[in-house]
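Coordinates from protein11.txt are shown below (compact mmCIF, N, CA and C atoms).
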# COMPACT_ATOMS: atom_id res chain seq x y z
N MET A 42 48.44 -19.42 -92.73
CA MET A 42 47.81 -20.03 -91.59
C MET A 42 48.57 -19.71 -90.30
N LEU A 43 49.88 -19.59 -90.39
CA LEU A 43 50.67 -19.24 -89.21
C LEU A 43 50.27 -17.87 -88.69
N PHE A 44 50.00 -16.95 -89.59
CA PHE A 44 49.58 -15.61 -89.19
C PHE A 44 48.28 -15.67 -88.39
N LYS A 45 47.34 -16.50 -88.84
CA LYS A 45 46.08 -16.65 -88.13
C LYS A 45 46.30 -17.25 -86.74
N ALA A 46 47.21 -18.21 -86.66
CA ALA A 46 47.50 -18.83 -85.36
C ALA A 46 48.10 -17.81 -84.40
N ILE A 47 48.99 -16.99 -84.89
CA ILE A 47 49.61 -15.97 -84.04
C ILE A 47 48.56 -14.95 -83.60
N ILE A 48 47.67 -14.56 -84.49
CA ILE A 48 46.61 -13.61 -84.15
C ILE A 48 45.70 -14.21 -83.08
N VAL A 49 45.35 -15.48 -83.21
CA VAL A 49 44.48 -16.12 -82.22
C VAL A 49 45.15 -16.13 -80.85
N VAL A 50 46.44 -16.45 -80.80
CA VAL A 50 47.16 -16.46 -79.53
C VAL A 50 47.22 -15.05 -78.94
N LEU A 51 47.49 -14.06 -79.77
CA LEU A 51 47.55 -12.69 -79.25
C LEU A 51 46.19 -12.20 -78.75
N VAL A 52 45.12 -12.57 -79.43
CA VAL A 52 43.78 -12.18 -78.98
C VAL A 52 43.46 -12.86 -77.65
N ALA A 53 43.84 -14.12 -77.52
CA ALA A 53 43.59 -14.82 -76.25
C ALA A 53 44.38 -14.19 -75.11
N ILE A 54 45.62 -13.83 -75.37
CA ILE A 54 46.44 -13.18 -74.34
C ILE A 54 45.87 -11.81 -74.00
N ALA A 55 45.42 -11.08 -75.00
CA ALA A 55 44.81 -9.77 -74.74
C ALA A 55 43.52 -9.92 -73.94
N GLY A 56 42.75 -10.94 -74.22
CA GLY A 56 41.54 -11.20 -73.45
C GLY A 56 41.85 -11.53 -72.01
N LEU A 57 42.87 -12.33 -71.79
CA LEU A 57 43.28 -12.66 -70.42
C LEU A 57 43.78 -11.42 -69.70
N ALA A 58 44.53 -10.58 -70.39
CA ALA A 58 45.01 -9.33 -69.77
C ALA A 58 43.83 -8.42 -69.41
N ALA A 59 42.82 -8.37 -70.27
CA ALA A 59 41.64 -7.55 -69.97
C ALA A 59 40.90 -8.10 -68.76
N ILE A 60 40.79 -9.41 -68.66
CA ILE A 60 40.13 -10.02 -67.51
C ILE A 60 40.90 -9.71 -66.23
N ILE A 61 42.21 -9.80 -66.28
CA ILE A 61 43.02 -9.49 -65.10
C ILE A 61 42.89 -8.02 -64.73
N TRP A 62 42.85 -7.14 -65.72
CA TRP A 62 42.71 -5.71 -65.41
C TRP A 62 41.35 -5.44 -64.77
N ILE A 63 40.31 -6.07 -65.29
CA ILE A 63 38.99 -5.89 -64.70
C ILE A 63 38.94 -6.48 -63.30
N ALA A 64 39.62 -7.62 -63.10
CA ALA A 64 39.64 -8.23 -61.78
C ALA A 64 40.41 -7.37 -60.78
N ASN A 65 41.30 -6.53 -61.24
CA ASN A 65 42.07 -5.65 -60.36
C ASN A 65 41.36 -4.36 -60.04
N TRP A 66 40.19 -4.14 -60.57
CA TRP A 66 39.48 -2.88 -60.37
C TRP A 66 39.32 -2.59 -58.89
N PRO A 67 39.50 -1.44 -58.39
CA PRO A 67 39.88 -0.15 -58.95
C PRO A 67 41.38 0.11 -58.92
N PHE A 68 42.20 -0.89 -58.62
CA PHE A 68 43.64 -0.68 -58.59
C PHE A 68 44.16 -0.43 -60.00
N ASN A 69 45.23 0.32 -60.11
CA ASN A 69 45.84 0.72 -61.38
C ASN A 69 44.92 1.63 -62.19
N THR A 70 44.06 2.35 -61.50
CA THR A 70 43.18 3.34 -62.13
C THR A 70 43.32 4.65 -61.36
N PRO A 71 42.85 5.74 -61.92
CA PRO A 71 42.92 7.02 -61.19
C PRO A 71 42.07 7.03 -59.91
N TRP A 72 41.07 6.15 -59.79
CA TRP A 72 40.19 6.16 -58.65
C TRP A 72 40.80 5.53 -57.40
N VAL A 73 41.95 4.90 -57.55
CA VAL A 73 42.57 4.25 -56.39
C VAL A 73 42.99 5.28 -55.35
N ASN A 74 43.29 6.50 -55.75
CA ASN A 74 43.72 7.53 -54.80
C ASN A 74 42.59 7.97 -53.88
N GLU A 75 41.35 7.74 -54.28
CA GLU A 75 40.21 8.15 -53.48
C GLU A 75 39.79 7.13 -52.43
N LEU A 76 40.45 5.96 -52.38
CA LEU A 76 40.06 4.90 -51.46
C LEU A 76 40.73 5.07 -50.10
N SER A 77 40.00 4.75 -49.07
CA SER A 77 40.59 4.74 -47.73
C SER A 77 41.38 3.44 -47.56
N PRO A 78 42.25 3.37 -46.56
CA PRO A 78 43.01 2.12 -46.35
C PRO A 78 42.12 0.91 -46.12
N GLU A 79 41.00 1.10 -45.43
CA GLU A 79 40.08 -0.02 -45.20
C GLU A 79 39.44 -0.48 -46.52
N GLN A 80 39.05 0.47 -47.36
CA GLN A 80 38.47 0.11 -48.66
C GLN A 80 39.51 -0.59 -49.53
N ARG A 81 40.76 -0.15 -49.47
CA ARG A 81 41.82 -0.81 -50.24
C ARG A 81 41.99 -2.26 -49.79
N ARG A 82 41.96 -2.48 -48.47
CA ARG A 82 42.13 -3.84 -47.95
C ARG A 82 40.97 -4.73 -48.40
N ILE A 83 39.75 -4.21 -48.32
CA ILE A 83 38.58 -4.98 -48.73
C ILE A 83 38.64 -5.29 -50.23
N ASN A 84 38.96 -4.30 -51.03
CA ASN A 84 39.06 -4.51 -52.48
C ASN A 84 40.18 -5.49 -52.84
N ALA A 85 41.30 -5.42 -52.14
CA ALA A 85 42.40 -6.33 -52.41
C ALA A 85 42.00 -7.78 -52.10
N ALA A 86 41.32 -8.00 -50.98
CA ALA A 86 40.87 -9.35 -50.65
C ALA A 86 39.86 -9.86 -51.68
N HIS A 87 38.95 -9.01 -52.09
CA HIS A 87 37.97 -9.40 -53.10
C HIS A 87 38.66 -9.72 -54.43
N ASN A 88 39.65 -8.91 -54.81
CA ASN A 88 40.35 -9.13 -56.07
C ASN A 88 41.12 -10.44 -56.07
N ARG A 89 41.70 -10.82 -54.93
CA ARG A 89 42.42 -12.10 -54.87
C ARG A 89 41.46 -13.25 -55.13
N ARG A 90 40.28 -13.22 -54.52
CA ARG A 90 39.29 -14.28 -54.76
C ARG A 90 38.83 -14.27 -56.21
N HIS A 91 38.62 -13.08 -56.76
CA HIS A 91 38.15 -12.96 -58.14
C HIS A 91 39.20 -13.47 -59.12
N HIS A 92 40.48 -13.19 -58.86
CA HIS A 92 41.55 -13.69 -59.73
C HIS A 92 41.54 -15.21 -59.78
N ARG A 93 41.42 -15.84 -58.63
CA ARG A 93 41.43 -17.31 -58.60
C ARG A 93 40.23 -17.87 -59.36
N ARG A 94 39.07 -17.31 -59.15
CA ARG A 94 37.89 -17.81 -59.86
C ARG A 94 38.00 -17.60 -61.36
N ALA A 95 38.44 -16.42 -61.75
CA ALA A 95 38.57 -16.14 -63.19
C ALA A 95 39.59 -17.07 -63.83
N ALA A 96 40.71 -17.28 -63.15
CA ALA A 96 41.74 -18.17 -63.71
C ALA A 96 41.25 -19.61 -63.78
N ARG A 97 40.50 -20.05 -62.78
CA ARG A 97 39.97 -21.41 -62.80
C ARG A 97 38.97 -21.62 -63.92
N MET A 98 38.33 -20.57 -64.37
CA MET A 98 37.39 -20.69 -65.47
C MET A 98 38.08 -20.51 -66.82
N ILE A 99 39.00 -19.58 -66.91
CA ILE A 99 39.58 -19.22 -68.20
C ILE A 99 40.63 -20.23 -68.68
N PHE A 100 41.52 -20.69 -67.80
CA PHE A 100 42.60 -21.57 -68.25
C PHE A 100 42.10 -22.87 -68.87
N PRO A 101 41.11 -23.57 -68.29
CA PRO A 101 40.64 -24.78 -68.98
C PRO A 101 39.97 -24.48 -70.32
N ILE A 102 39.26 -23.36 -70.38
CA ILE A 102 38.61 -22.99 -71.65
C ILE A 102 39.66 -22.73 -72.72
N PHE A 103 40.72 -21.98 -72.35
CA PHE A 103 41.80 -21.73 -73.30
C PHE A 103 42.50 -23.03 -73.69
N ALA A 104 42.76 -23.91 -72.73
CA ALA A 104 43.45 -25.16 -73.03
C ALA A 104 42.64 -26.01 -74.01
N ILE A 105 41.35 -26.13 -73.78
CA ILE A 105 40.50 -26.91 -74.68
C ILE A 105 40.42 -26.24 -76.05
N GLY A 106 40.24 -24.92 -76.07
CA GLY A 106 40.15 -24.20 -77.34
C GLY A 106 41.42 -24.30 -78.16
N PHE A 107 42.57 -24.11 -77.50
CA PHE A 107 43.84 -24.23 -78.21
C PHE A 107 44.07 -25.66 -78.68
N GLY A 108 43.66 -26.64 -77.88
CA GLY A 108 43.83 -28.04 -78.28
C GLY A 108 42.99 -28.38 -79.50
N ILE A 109 41.74 -27.96 -79.50
CA ILE A 109 40.87 -28.21 -80.65
C ILE A 109 41.41 -27.51 -81.89
N THR A 110 41.88 -26.29 -81.72
CA THR A 110 42.45 -25.55 -82.85
C THR A 110 43.70 -26.24 -83.38
N SER A 111 44.52 -26.76 -82.47
CA SER A 111 45.74 -27.45 -82.87
C SER A 111 45.41 -28.69 -83.71
N VAL A 112 44.45 -29.47 -83.25
CA VAL A 112 44.07 -30.67 -84.00
C VAL A 112 43.47 -30.30 -85.35
N SER A 113 42.64 -29.26 -85.39
CA SER A 113 42.04 -28.88 -86.67
C SER A 113 43.09 -28.32 -87.64
N LEU A 114 44.09 -27.63 -87.12
CA LEU A 114 45.16 -27.13 -87.99
C LEU A 114 46.02 -28.26 -88.55
N LEU A 115 46.15 -29.31 -87.77
CA LEU A 115 47.00 -30.42 -88.20
C LEU A 115 46.27 -31.35 -89.16
N SER A 116 44.96 -31.50 -89.01
CA SER A 116 44.25 -32.48 -89.82
C SER A 116 43.44 -31.87 -90.96
N GLY A 117 43.43 -30.57 -91.08
CA GLY A 117 42.65 -29.93 -92.13
C GLY A 117 43.26 -30.12 -93.51
N PRO A 118 42.52 -29.69 -94.55
CA PRO A 118 43.05 -29.83 -95.91
C PRO A 118 44.28 -28.96 -96.15
N LYS A 119 44.35 -27.84 -95.49
CA LYS A 119 45.54 -26.99 -95.58
C LYS A 119 46.28 -27.08 -94.25
N SER A 120 46.84 -28.23 -93.97
CA SER A 120 47.48 -28.44 -92.67
C SER A 120 48.74 -27.58 -92.55
N ASP A 121 48.92 -27.04 -91.37
CA ASP A 121 50.08 -26.21 -91.05
C ASP A 121 50.69 -26.75 -89.77
N PRO A 122 51.71 -27.60 -89.89
CA PRO A 122 52.26 -28.25 -88.70
C PRO A 122 52.84 -27.27 -87.68
N PHE A 123 53.48 -26.22 -88.15
CA PHE A 123 54.08 -25.27 -87.20
C PHE A 123 53.01 -24.55 -86.39
N ALA A 124 51.94 -24.10 -87.05
CA ALA A 124 50.84 -23.44 -86.34
C ALA A 124 50.17 -24.41 -85.37
N ALA A 125 50.05 -25.68 -85.77
CA ALA A 125 49.46 -26.68 -84.89
C ALA A 125 50.32 -26.88 -83.65
N VAL A 126 51.63 -26.87 -83.82
CA VAL A 126 52.53 -27.02 -82.67
C VAL A 126 52.43 -25.80 -81.75
N VAL A 127 52.33 -24.60 -82.34
CA VAL A 127 52.18 -23.38 -81.52
C VAL A 127 50.91 -23.47 -80.69
N MET A 128 49.81 -23.86 -81.30
CA MET A 128 48.55 -24.00 -80.57
C MET A 128 48.63 -25.10 -79.53
N GLY A 129 49.30 -26.18 -79.86
CA GLY A 129 49.46 -27.27 -78.89
C GLY A 129 50.26 -26.84 -77.68
N VAL A 130 51.32 -26.07 -77.92
CA VAL A 130 52.13 -25.56 -76.81
C VAL A 130 51.30 -24.62 -75.94
N CYS A 131 50.52 -23.76 -76.56
CA CYS A 131 49.65 -22.87 -75.79
C CYS A 131 48.64 -23.67 -74.97
N SER A 132 48.12 -24.74 -75.53
CA SER A 132 47.17 -25.59 -74.81
C SER A 132 47.84 -26.24 -73.60
N VAL A 133 49.05 -26.75 -73.79
CA VAL A 133 49.77 -27.39 -72.69
C VAL A 133 50.12 -26.38 -71.60
N VAL A 134 50.52 -25.18 -72.00
CA VAL A 134 50.85 -24.13 -71.01
C VAL A 134 49.61 -23.77 -70.20
N CYS A 135 48.48 -23.59 -70.86
CA CYS A 135 47.25 -23.25 -70.13
C CYS A 135 46.83 -24.38 -69.20
N ALA A 136 46.94 -25.62 -69.66
CA ALA A 136 46.59 -26.74 -68.80
C ALA A 136 47.55 -26.84 -67.61
N GLY A 137 48.83 -26.58 -67.85
CA GLY A 137 49.81 -26.59 -66.76
C GLY A 137 49.57 -25.50 -65.75
N LEU A 138 49.24 -24.30 -66.22
CA LEU A 138 48.93 -23.20 -65.30
C LEU A 138 47.68 -23.51 -64.49
N PHE A 139 46.68 -24.12 -65.12
CA PHE A 139 45.48 -24.49 -64.40
C PHE A 139 45.79 -25.53 -63.33
N GLY A 140 46.59 -26.53 -63.69
CA GLY A 140 46.98 -27.55 -62.72
C GLY A 140 47.76 -26.96 -61.55
N ALA A 141 48.68 -26.05 -61.84
CA ALA A 141 49.46 -25.41 -60.78
C ALA A 141 48.57 -24.56 -59.88
N LEU A 142 47.60 -23.89 -60.47
CA LEU A 142 46.68 -23.06 -59.69
C LEU A 142 45.84 -23.92 -58.76
N ILE A 143 45.34 -25.04 -59.26
CA ILE A 143 44.54 -25.94 -58.43
C ILE A 143 45.39 -26.55 -57.33
N LYS A 144 46.60 -26.98 -57.67
CA LYS A 144 47.48 -27.59 -56.66
C LYS A 144 47.83 -26.58 -55.57
N ARG A 145 48.14 -25.34 -55.96
CA ARG A 145 48.46 -24.31 -54.97
C ARG A 145 47.25 -23.97 -54.12
N GLY A 146 46.06 -23.96 -54.72
CA GLY A 146 44.84 -23.66 -53.99
C GLY A 146 44.53 -24.71 -52.93
N ARG A 147 44.78 -25.97 -53.24
CA ARG A 147 44.55 -27.03 -52.26
C ARG A 147 45.49 -26.89 -51.08
N ARG A 148 46.73 -26.59 -51.36
CA ARG A 148 47.73 -26.48 -50.30
C ARG A 148 47.40 -25.30 -49.39
N GLN A 149 46.96 -24.18 -49.95
CA GLN A 149 46.64 -23.02 -49.13
C GLN A 149 45.38 -23.25 -48.31
N ARG A 150 44.39 -23.90 -48.87
CA ARG A 150 43.13 -24.09 -48.16
C ARG A 150 43.28 -25.04 -46.99
N SER A 151 44.09 -26.10 -47.15
CA SER A 151 44.20 -27.07 -46.08
C SER A 151 44.85 -26.47 -44.84
N SER A 152 45.76 -25.51 -45.00
CA SER A 152 46.41 -24.92 -43.85
C SER A 152 45.50 -23.92 -43.13
N THR A 153 44.53 -23.34 -43.83
CA THR A 153 43.65 -22.36 -43.19
C THR A 153 42.52 -23.02 -42.43
N ARG A 154 42.23 -24.28 -42.69
CA ARG A 154 41.14 -24.97 -42.00
C ARG A 154 41.52 -25.41 -40.60
N ARG A 155 42.78 -25.47 -40.32
CA ARG A 155 43.23 -25.95 -39.00
C ARG A 155 43.04 -24.94 -37.93

As structure tokens:
Amino acid sequence: MLFKAIIVVLVAIAGLAAIIWIANWPFNTPWVNELSPEQRRINAAHNRRHHRRAARMIFPIFAIGFGITSVSLLSGPKSDPFAAVVMGVCSVVCAGLFGALIKRGRRQRSSTRR
């Protein structure tokens, strides 16, 4: 069961990395050399907004998914306490990152409205 828990965590991390890579498009690709400075600036601003939106959607989903998995691993017929703790820690980390992202977003937005 621990192996399955580790695989789930690695798949989730790989999915997040894929989302970040897609959100960075066209940066870190061969096509970035073809962009003008103005296009780079526009794409960078768009990517920053996209990163925040993607993170605001993904972190709560991961936190809830890891939490549910943790509880099911702990209460199932073949309970695995170590795997449940790993999933619980991943859930807490995702919830903490989401909270930090929201807190940082509020602080940045309030200063730009003035």

* **Nearest candidate to Val112 of chain A (options A:Ile99, A:Met128, A:Cys135, A:Leu51; using only C-alpha atoms)** =>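 For Val112 of chain A, the nearest of the candidates is A:Met128.
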
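Checking A:Ile63, A:Val127, A:Leu114, A:Arg97 one by one against Ile47 of chain A, counting only N, CA and C atoms, you find the shortest gap at A:Val127.
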
* Pairwise distance for atom CA of Leu57 of chain A and atom CA of Phe103 of chain A, rounded to one decimal in Å -> 9.6 Å

Closest atom pairs, residues of segment 61-131 of chain A within 12 Å of segment 141-145 of chain A, only C-alpha atoms, as JSON lines:
{"residue": "A:His92", "atom": "CA", "partner": "A:Leu142", "partner_atom": "CA", "distance": 10.7}
{"residue": "A:Arg93", "atom": "CA", "partner": "A:Leu142", "partner_atom": "CA", "distance": 7.9}
{"residue": "A:Arg94", "atom": "CA", "partner": "A:Leu142", "partner_atom": "CA", "distance": 10.2}
{"residue": "A:Ala95", "atom": "CA", "partner": "A:Leu142", "partner_atom": "CA", "distance": 11.2}
{"residue": "A:Ala96", "atom": "CA", "partner": "A:Leu142", "partner_atom": "CA", "distance": 8.0}
{"residue": "A:Arg97", "atom": "CA", "partner": "A:Leu142", "partner_atom": "CA", "distance": 7.6}
{"residue": "A:Met98", "atom": "CA", "partner": "A:Leu142", "partner_atom": "CA", "distance": 11.2}
{"residue": "A:Ile99", "atom": "CA", "partner": "A:Leu142", "partner_atom": "CA", "distance": 11.7}
{"residue": "A:Phe100", "atom": "CA", "partner": "A:Leu142", "partner_atom": "CA", "distance": 9.6}
{"residue": "A:Pro101", "atom": "CA", "partner": "A:Leu142", "partner_atom": "CA", "distance": 11.2}

* What are the DSSP alpha helix (DSSP H) residues of segment 49-152 of chain A, as JSON, numbers by chain? -> {"A": [49, 50, 51, 52, 53, 54, 55, 56, 57, 58, 59, 60, 61, 62, 63, 64, 78, 79, 80, 81, 82, 83, 84, 85, 86, 87, 88, 89, 90, 91, 92, 93, 94, 95, 96, 97, 98, 99, 100, 101, 102, 103, 104, 105, 106, 107, 108, 109, 110, 111, 112, 113, 114, 115, 116, 122, 123, 124, 125, 126, 127, 128, 129, 130, 131, 132, 133, 134, 135, 136, 137, 138, 139, 140, 141, 142, 143, 144, 145, 146, 147, 148, 149, 150, 151, 152]}

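From atom CA of Val50 of chain A back to atom C of Gly129 of chain A, the distance works out to 11.0 Å.
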
* Distance atom CA of Arg90 of chain A-atom CA of Phe107 of chain A, one decimal place? ->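 Taking atom CA of Arg90 of chain A and atom CA of Phe107 of chain A, their separation equals 25.9 Å.
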
Quick one: 8 Å padding each side, axis-aligned, all listed atoms of segment 85-101 of chain A - centre and edge lengths in Å to one decimal, as AutoDock Vina command-line options?
--center_x 40.0 --center_y -15.1 --center_z -60.5 --size_x 21.2 --size_y 35.4 --size_z 35.7

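The shortest atom-to-atom distance to Thr110 of chain A, with only C-alpha atoms taken into account, belongs to A:Ser132 out of A:Asn74, A:Arg89, A:Ser132, A:Arg82.
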